[in-house]
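Visitor: Before anything else, here's the structure in question.
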Amino acid sequence: MALRTPVRTEAPRGGRTARRDRRPRPSAAGARIWTWLTLPGTVWMSVFFIASLLLVAAISFGTTDQLGDPRFGTNLGNLQALTDPAYRDVMLRSLGFALLTSVICLLIAYPVAYAVALHAGRFKNALIAAIVVPFFANYLVRMYGWSVLLSDDGPVLRLLRAVGLADAHTKILNTGFGVIAGLVYGFVVFMIIPLYAAMERMDTSLIEAGRDLYGGPLRTFWFVTVPATRQGAGAGVVLVFLPAMGDFVSAQFMGGPNQIMIGNLIQDKFFEGQDWPLGSALTMALMAVLLIAMFGYLRRARKDEAEATR
Amino acid sequence: MTPTAATPAVRLDHVSKEFNGSHAVRDLELDIAAGEFFSLLGPSGCGKTTTLRMIGGFADPTEGAVLLSGEDVTALPPNKRNVNTVFQSYALFDHLSVADNIGFGLKRKGVPKPEIRERVGAMIDLVQLGGMAERKPRTLSGGQRQRVALARALVNRPAVLLLDEPLAALDLKLRRQMQVELKQIQREVGITFVFVTHDQDEALTMSDRVAVMNGGRVEQCGTPEDVYERPESRFVAAFMGTSNLVGGVYRDGTVQLEGGPALPVGRRPEIGEGSQVDVSIRPEKIWLSDFEPGMPVVNGVIRETVYSGPTTTYLIELAPGVTVAALEQNTARARMEDRWAGGETVELGYDPEHCLVLSH
Amino acid sequence: MNLPASLPPRARRRRGPRRKPVFAIAVTVVFFVLLYLPIAMVVLFSFNAQKSLTIFKGFSLRWYEAFFHDNVLLGSLGMSLEVSLVAMIGSVVLGVALALGLVRHKGRLGGYAGLIMMVPLITPEIVTGVASLLLFKGLGVTLDSGTVMIAEITFSISYVTVILRSRVAALNPEVEEAAMDLGATRWQALRLVTLPALLPAILASAVLIFALVFDDFVLAYFTTGVDPQPLAVRIYSAIRFGVEPTINAVGTLMLAGSITLIGLALAIPRLFGRRGGLDLISGE
Ligand SMILES: Nc1ncnc2c1ncn2[C@@H]1O[C@H](COP(=O)(O)OP(=O)(O)O)[C@@H](O)[C@H]1O
Ligand SMILES: [Mg+2]
C-alpha cells in the first residue's frame, strides 16, 4: 500500500490514550515488497517499450541526413506523405484486407466453434487442442506450406480444376484473395478460441428453447446462439484484426506487388528505402488505426457489460 | 516491562481499524490473561477477524496499540511476534508433507533437525495424525487438515494461539468432537487461546471468557455464564440464543403490558417510573408447572406447540399481539397426553431475577 | 389413447436426441483438413528424394543431412536457442515479479504498470520491431543477439504476467501469512511458499515463452545483426529469395520442436497433479 493512513494528531479523547498519536511506524504488515517486485518489470517496459514507442512518434517528425540516418526535427512532410494516393491506397487496402479477414474468420469460426463446443462430446478438449497446437508452429513455415498448397500447380487448384471449378487461368497466389487466405490461415485461431469459450459458457437449454420458439436451426442459431456469443465474437474480431492489420508476411508470400499492405511499406522504408522517418510515420498511422479499433471495441464491450448487469 | 502473573498475555489498548474511512474495529479495549481460553463471539462482519489479524500482525491498527505480555508489538511484523495462528482456511502449504508443514516454524527458527523431528512427532501424536506424516495436505480430509493447521501452530509453543473460526468448515458431528479435543489440548499445553467464532454454543462450551462483539465494538465481556445469564444489552440478549423481548411500561417493580398483565420484574432503581422498556427472558427460564414459592405467575393462552425431541417449545400469548416462547424439557414425567394443546389457558411462572429490563 | 403410428417429422425430431448440425460439422472437417494440409506438405517434402517442391519422388533424409552440414544454419540454430533461453529466463523473472506486484500492490504504480503491460498485447509485432530498432539505433547499440534478447524479453513479459496474474490472484493470501506467522520474512514466505505454489504456471509459461521466442520472426528480423541471424530470420530469407528443400527439413524440425514444447506446457499442470498451469482458452 503506497498511501498509509495519515497518523491522527487530534487531541486524545480521554482514557488510556498515551499511544494514540504515535509517529509513523514501520508497517507491521510490511507491504513495500510489492513495490520492489513491480518496479523492475515496470522500468523495463517503460524504457524498452513505452520510450521506444515515443521515439517512433518523435522520429516521424524527423528527417534523414546524407547517410540516410534519421535525425530529429519538426518536419511535417512524413505525415503529409501519408495522404499521398500511393500510400493512402495501401492503407485503405490494408484496412479492407484486415476487415475482410475478420469477417471470413467469423464465418469459419462460428460453425467450427459450434460443432466442437456443442457436438464433439468427449473429443471436445482434444479437438480444441488440435486447433491451438498448430498455431504455435512456426508462422513462416505454416505460411510457406499454405502458399505451396495454394500455388498455381498446387494440390488445391489441381483438385478444383479436376472437378471443373477452376480453369487453367485461375490463380490464388498473387491475388488479393491469396493475401486474405494467408491472413485467415494465420489468425483464425484467435477467432475460434473466444467463440468456443463463449459457446461453452452458453446455456444449451437456450438452444432447446429456441428450437421450440423459432423452429428451424438457422433461425435458432441467429436468434439464440449469435446474441449469446456476441461478446466472444467481438473479442475475436479484435484479436484477428490487430495482427492482420500489421502483417507483412502474408502479402509477401501470397500476394504480388499490387497487394502490398502497410506492413510491407514499413518494412520497405526501414530495410530497403532507408527512410526511417517516413517508416515511423507509417507505423504511427498503423498504431492510430489499431488504437481507434481497440477503443471502439472497449467502449462497446463496456456498454454490453453494463446492459448485461442491469 | 517484565511480565508478572498479572500482566495480560494480550492487551488491546484503544485499538481501532478503519478500512477506507469505515470502522471495522472501534476503540477496542481488551485484556486477555495468560492461559485463558478467550473467545471473540459475534455475527459475521463484526470485526472478529480484523481484531485477530491485528494481534497476529497482519493488519496495522489505525489507532491504538497491541501489547503481548506487556510489550508493545504494534510495529512488529508477524514473524517477530510470539504468536501463532490457525487460519480459517487452514492455509496449509500444499507442496509440503504434513511433517514439513508442522516443522516449518521450527525450521525457520533454526531448531536443530533431531529436535524438530522429535517435536513434530510428538505434535502429530497429540493431534492424532499418526501415520499421516508423509502425506500431502490435499490428500487429507477436512478434519485432518484442521489438525495439521493446529499442530503447525502449536509446535512452536507460542505465548498466544489465535484461532479464526477453526471449526467452521467441519460438519456438525466432527465440530462437536473437535470442540472437546481442542479444549483438552489447550488445558494440556497451557497456552493462551484467542478463539474466534460466530457460534454462541461453541463459545459458551469452550471458553473461560467471552467477548461478544457487534459492529466493531465489544458489547460485553465476561464468563460464559455472565454473558448468557446476565446480558447487558439487547444485542447480547438476542445474540446469545433465542430470547423473548416484550415491550411495556415500567412502574413500581412491574412492567405493564398493553391490554395484558403487569409482569413483576423486581425493583430497578436505574429505570425511571413510567418509562417504556423491553423485558427479556429466556424461554427455558419460564416455568409452566411446579412453580417455586414466591414466583410471580401470570396467565397466557397457548398458540402453538413445537415438539423437537428432548424439548417442547410453546408459543404463549400474554396480551393481544404479545407472544413469548417457553421451553419445557420432555422428561420422563412429561408424557404426551400431559402436554397442552392450542387455545388452552396456562399459567407461567418465572424468577424476576432472570428478567432483563432494557430501557429504550 | 391411440397414438398415430408416425408423428409428424418435425415433432419427432424435436423430441429425439439433438440433431447433428450437418453444415457446421462439414465446415469443421474442411477446416481441419486445410489447417493440417500445409503442415503435412512441409513435413512430406522434407523427406522428398528430389529437389521438387510439388512432386514427391521417394523417401530420403538428404535435406536433413544438408541441414546438419550447413554451418550457417547451425549457427543460426545456436543463436536462436541462446536467445530463447535468455529471453525465457529474463521475461519469466521480470514477469512473475510483476504479476505478484500487480495483484498485491494497490497503488498508482500498480495502475500504471497494469496499463503498460497490456499495451504490448495489442501492439502488432511490426510496431514493436520498428520501435526497438529505433531505440537501439538511437542508443548507438550494435545490433546482435543481445538486442534480439532485449526485444524478445520486452515482448514476452506481458505474456508471463497475464498468465501468472490470474494464478496469483487465485492464491489464498492466508497461506503466505501463515508462513510469516511461522517466522518467515516476506521474502522467505514468497520463496518458500508462494513460488512453489506458482511453480506449475511458471514452468508452463517459461516453456511457452521459449517456444514463442524461438519461432518469432518479426521482432528478431528488426533487431538482429547480420551474422549470425536467428533461425526464423534465415528461414524468411530462404523462402523469400529462392526456396531450398532444406527449408522443409528445418521447418519440420521446428514444427516438431514447438509442438513438443506446447504439449509440455499443457501437460505440466497435470504432471504436478493439479490445475493451475496454462489455460489457453481463458489465458488468451
Ligand atoms: N481488507 C479489507 N478491506 C476493506 N474492508 C475490510 C477488509 N477486511 C475486513 N473489512 C471489513 O471490516 C468489517 C469486519 O470484517 P471482519 O473482521 O472480517 O469480520 P468478521 O471476521 O467478524 O466476520 C467488515 O465490514 C468487512 O467488510
Ligand atoms: Mg472472519
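We label chains A, B, ... in the order they appear in the C-alpha cells, count residues from 1 in each chain, and number ligands from 1 in the order shown.
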Please, which residues have at least one atom within 8 Å of an atom of ligand 2, using only C-alpha atoms and all ligand atoms, listed as a PyMOL selection string?

Guide: chain B and resi 44-45+47-50+88+164-165+196

Visitor: Report as a list in words: the residues of segment 49-174 of chain A with a DSSP assignment of strand (DSSP E or B), based on the backbone of this structure.

Guide: Thr63, Thr64, Pro70 and Arg71 of chain A

Visitor: Write out as number ranges by chain all residues of segment 158-212 of chain B that backbone DSSP assigns to alpha helix (DSSP H).

Guide: B: 172-189, 200-206

Visitor: At a cut-off of 7 Å, which residues of chain A touch chain C? Count only C-alpha atoms and give the answer as a PyMOL selection string.

Guide: chain A and resi 1-2+34-35+37-38+40-42+45+48-49+52-53+55-56+111-112+115+133+136-138+140-142+145-146+149+154+193+197+242-243+246+283

Visitor: Would you write out those residues with N, CA and C atoms, as a tab-separated table (two decimals), in the first residue's frame?

Guide:
chain	number	residue	atom	x	y	z
A	1	MET	N	0.83	-1.20	0.00
A	1	MET	CA	0.00	0.00	0.00
A	1	MET	C	0.86	1.25	0.00
A	2	ALA	N	0.68	2.03	-0.96
A	2	ALA	CA	1.54	3.18	-1.09
A	2	ALA	C	1.14	4.29	-0.13
A	34	TRP	N	5.97	-5.31	-2.43
A	34	TRP	CA	5.21	-5.36	-3.69
A	34	TRP	C	5.68	-4.25	-4.62
A	35	THR	N	6.08	-3.13	-4.06
A	35	THR	CA	6.64	-2.08	-4.89
A	35	THR	C	7.92	-2.58	-5.55
A	37	LEU	N	8.81	-5.53	-6.23
A	37	LEU	CA	8.55	-6.55	-7.24
A	37	LEU	C	7.98	-5.93	-8.51
A	38	THR	N	7.17	-4.89	-8.34
A	38	THR	CA	6.54	-4.26	-9.51
A	38	THR	C	7.56	-3.45	-10.30
A	40	PRO	N	11.00	-3.50	-11.23
A	40	PRO	CA	11.90	-3.86	-12.34
A	40	PRO	C	11.17	-4.03	-13.67
A	41	GLY	N	10.07	-4.79	-13.66
A	41	GLY	CA	9.32	-5.00	-14.89
A	41	GLY	C	8.77	-3.70	-15.44
A	42	THR	N	8.31	-2.85	-14.54
A	42	THR	CA	7.72	-1.58	-14.97
A	42	THR	C	8.78	-0.69	-15.61
A	45	MET	N	9.73	-2.14	-19.02
A	45	MET	CA	8.72	-1.87	-20.05
A	45	MET	C	8.69	-0.39	-20.41
A	48	PHE	N	12.09	0.10	-22.59
A	48	PHE	CA	12.22	-0.61	-23.86
A	48	PHE	C	10.94	-0.64	-24.67
A	49	PHE	N	9.84	-0.29	-24.06
A	49	PHE	CA	8.61	-0.32	-24.84
A	49	PHE	C	8.00	1.07	-24.99
A	52	SER	N	10.41	3.59	-26.43
A	52	SER	CA	10.72	3.35	-27.83
A	52	SER	C	9.53	3.73	-28.72
A	53	LEU	N	8.31	3.53	-28.21
A	53	LEU	CA	7.14	3.98	-28.99
A	53	LEU	C	7.15	5.50	-29.14
A	55	LEU	N	9.72	7.28	-29.16
A	55	LEU	CA	10.78	7.59	-30.11
A	55	LEU	C	10.26	7.48	-31.55
A	56	VAL	N	9.44	6.47	-31.78
A	56	VAL	CA	8.84	6.33	-33.12
A	56	VAL	C	8.04	7.58	-33.46
A	111	PRO	N	-19.23	-21.92	-37.26
A	111	PRO	CA	-19.58	-23.35	-37.34
A	111	PRO	C	-18.57	-24.24	-36.63
A	112	VAL	N	-17.27	-23.91	-36.73
A	112	VAL	CA	-16.26	-24.78	-36.13
A	112	VAL	C	-16.42	-24.76	-34.60
A	115	ALA	N	-19.61	-26.61	-33.64
A	115	ALA	CA	-19.53	-28.07	-33.73
A	115	ALA	C	-18.65	-28.63	-32.62
A	133	VAL	N	-2.71	-26.13	-31.15
A	133	VAL	CA	-1.30	-26.52	-31.25
A	133	VAL	C	-0.65	-26.07	-32.56
A	136	PHE	N	0.88	-22.69	-32.75
A	136	PHE	CA	2.19	-22.42	-32.15
A	136	PHE	C	3.33	-22.89	-33.03
A	137	ALA	N	3.00	-23.62	-34.08
A	137	ALA	CA	4.05	-23.98	-35.02
A	137	ALA	C	4.51	-22.71	-35.74
A	138	ASN	N	5.73	-22.73	-36.23
A	138	ASN	CA	6.32	-21.53	-36.79
A	138	ASN	C	5.44	-20.91	-37.87
A	140	LEU	N	6.08	-18.71	-40.19
A	140	LEU	CA	6.64	-18.68	-41.55
A	140	LEU	C	6.50	-20.02	-42.24
A	141	VAL	N	6.79	-21.08	-41.47
A	141	VAL	CA	6.73	-22.41	-42.06
A	141	VAL	C	5.30	-22.73	-42.45
A	142	ARG	N	4.37	-22.38	-41.57
A	142	ARG	CA	2.96	-22.63	-41.88
A	142	ARG	C	2.54	-21.85	-43.13
A	145	GLY	N	3.97	-23.40	-46.19
A	145	GLY	CA	3.21	-24.60	-46.58
A	145	GLY	C	1.89	-24.22	-47.23
A	146	TRP	N	1.25	-23.22	-46.68
A	146	TRP	CA	-0.04	-22.74	-47.19
A	146	TRP	C	0.14	-22.21	-48.61
A	149	LEU	N	0.54	-25.04	-50.95
A	149	LEU	CA	-0.75	-25.71	-51.15
A	149	LEU	C	-1.61	-24.95	-52.16
A	154	GLY	N	-0.41	-26.30	-57.34
A	154	GLY	CA	-0.52	-26.99	-56.05
A	154	GLY	C	-1.78	-27.83	-55.97
A	193	ILE	N	-11.05	-19.38	-30.56
A	193	ILE	CA	-10.94	-19.59	-29.11
A	193	ILE	C	-11.95	-18.78	-28.31
A	197	ALA	N	-15.05	-20.44	-26.26
A	197	ALA	CA	-15.24	-20.20	-24.82
A	197	ALA	C	-16.66	-19.69	-24.56
A	242	LEU	N	-6.26	-6.93	-35.22
A	242	LEU	CA	-4.99	-6.29	-34.83
A	242	LEU	C	-3.79	-6.90	-35.54
A	243	PRO	N	-3.55	-8.21	-35.44
A	243	PRO	CA	-2.35	-8.72	-36.12
A	243	PRO	C	-2.48	-8.72	-37.65
A	246	GLY	N	-1.32	-5.48	-39.11
A	246	GLY	CA	0.11	-5.20	-39.07
A	246	GLY	C	0.96	-6.22	-39.82
A	283	THR	N	4.23	3.78	-39.30
A	283	THR	CA	4.00	3.00	-38.08
A	283	THR	C	2.99	3.70	-37.18

Visitor: With 10 Å as the limit and counting only C-alpha atoms, what residues in chain B lie close to chain C? Please list them as JSON, numbers by chain.

Guide: {"B": [53, 56, 57, 58, 77, 78, 79, 80, 81, 82, 83, 84, 85, 86, 87, 88, 89, 90, 91, 92, 93, 94, 95, 96, 101, 102, 103, 104, 105, 106, 107, 108, 109, 149, 152, 153, 156, 158]}

Visitor: Find the spatial neighbours of Thr175 of chain A, counting only C-alpha atoms, within a cut-off of 7 Å - ignore same-chain residues fewer than 5 positions away - and output them as a PDB file with N, CA, C and O atoms, in the first residue's frame.

Guide:
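File part.pdb, as written:
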ATOM      1  N   GLY A 255       0.820 -12.744 -51.939  1.00  0.00           N
ATOM      2  CA  GLY A 255       0.364 -11.690 -52.849  1.00  0.00           C
ATOM      3  C   GLY A 255       1.466 -11.285 -53.813  1.00  0.00           C
ATOM      4  O   GLY A 255       2.577 -11.807 -53.786  1.00  0.00           O
ATOM      5  N   GLY A 256       1.106 -10.338 -54.672  1.00  0.00           N
ATOM      6  CA  GLY A 256       2.097  -9.804 -55.588  1.00  0.00           C
ATOM      7  C   GLY A 256       2.328  -8.344 -55.285  1.00  0.00           C
ATOM      8  O   GLY A 256       1.864  -7.837 -54.270  1.00  0.00           O
ATOM      9  N   GLN A 259      -0.556  -6.134 -54.185  1.00  0.00           N
ATOM     10  CA  GLN A 259      -1.344  -6.445 -52.995  1.00  0.00           C
ATOM     11  C   GLN A 259      -0.616  -6.090 -51.703  1.00  0.00           C
ATOM     12  O   GLN A 259      -0.930  -6.614 -50.655  1.00  0.00           O
TER      13      GLN A 259
END

Visitor: Quick one: residues within 8 Å of Asn214 of chain B, only C-alpha atoms, excluding same-chain residues fewer than 4 positions away - as a list in words?

Guide: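 Counting only the stated atoms, we get Gly42, Pro43, Cys46, Gly47, Val218, Glu219 and Phe235 of chain B.
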
Visitor: I need the residues from that last selection saved to file as a tab-separated table (two decimals), in the first residue's frame (with N, CA and C atoms), if you can.

Guide:
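Result file follows (result04.tsv):
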chain	number	residue	atom	x	y	z
B	42	GLY	N	-19.39	-13.14	17.72
B	42	GLY	CA	-20.22	-12.11	17.12
B	42	GLY	C	-20.64	-12.51	15.73
B	43	PRO	N	-21.60	-11.80	15.18
B	43	PRO	CA	-22.09	-12.14	13.84
B	43	PRO	C	-21.02	-11.84	12.79
B	46	CYS	N	-18.51	-8.45	12.11
B	46	CYS	CA	-18.48	-7.57	13.28
B	46	CYS	C	-17.05	-7.18	13.65
B	47	GLY	N	-16.06	-7.73	12.95
B	47	GLY	CA	-14.69	-7.30	13.22
B	47	GLY	C	-13.84	-8.31	13.96
B	218	VAL	N	-16.87	-4.22	21.41
B	218	VAL	CA	-17.21	-5.29	22.34
B	218	VAL	C	-18.45	-4.84	23.12
B	219	GLU	N	-19.52	-5.59	22.99
B	219	GLU	CA	-20.75	-5.24	23.69
B	219	GLU	C	-20.67	-5.67	25.14
B	235	PHE	N	-28.62	-6.43	22.27
B	235	PHE	CA	-27.92	-7.22	21.27
B	235	PHE	C	-27.43	-8.53	21.86

Visitor: Near chain A, which residues of chain B fall within 12 Å when you count only C-alpha atoms, and what do they look like as a PyMOL selection string?

Guide: chain B and resi 11-21+27-29+53-67+72-81
